[in-house]
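Worksheet: the structure to be examined is printed underneath.
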Amino acid sequence: MPLDLDPEQSSLATVLPAEMSEELKIRIGKPLQTLIRRDAEGRILPDPTLIQQLRPGHKIARGRGRKKQLETMTELEKLAENAAKMEKMRISARECRLRKKNRTKAVEDEVKRYEDAEVKNRAEIRALEARMNALQELIAVGAGGY
């Protein structure tokens, strides 16, 4: 099957992995750039149109079923699955960082409360010690007069 990509698409053909079949490049039917975007380091960026290539209710098989699933998937579906997986990991990482930040803030707030309570308790201890010393002096003065 001859490759009849227009000039705009053929310049974008380098964006796709080398193992992607020529037939798939033709079947896509829209500029390749709209389906697969990569960052400066070559990682696939999430793209809603790419992720929509997955079948509704698609779930990654585990174990022996994964091999069969991969055999029935097109290269575009594999890329879409990878992009969806990467997006899910990005979201999980973002949520994990947020939970860690909130947990750290909660611990710092608790430490601040304990430090404030310690300052208050030390002030109360100093006041009670001063009162105790004053009472001991009164006792000493009163005991000396007998």
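Every chain in the structure tokens has a letter given in the order shown (A, B, ...), and although residue numbers restart at 1 in each chain, ligands are simply numbered from 1 in the order shown.
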
Would you mind listing, for every residue of region 77-124 of chain A within 12 Å of region 66-71 of chain A, the two atoms forming the shortest contact and the distance between them in Å to one decimal, using only C-alpha atoms, sorted by chain and ascending residue number, as a tab-separated table?
```
residue	atom	partner	partner_atom	distance
A:Glu77	CA	A:Leu70	CA	9.3
A:Lys78	CA	A:Leu70	CA	7.7
A:Leu79	CA	A:Leu70	CA	11.4
A:Glu81	CA	A:Leu70	CA	10.6
```

Could the residues in this selection be written to a file with C-alpha atoms, as a short mmCIF file (atom, residue, chain, number, x, y, z; two decimals), in the first residue's frame?
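File produced: result.cif:
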```cif
data_model
loop_
_atom_site.label_atom_id
_atom_site.label_comp_id
_atom_site.auth_asym_id
_atom_site.auth_seq_id
_atom_site.Cartn_x
_atom_site.Cartn_y
_atom_site.Cartn_z
CA GLU A 77 -4.85 2.16 20.71
CA LYS A 78 -1.58 1.13 22.36
CA LEU A 79 -0.36 4.73 22.22
CA GLU A 81 -3.55 3.41 26.38
#
```
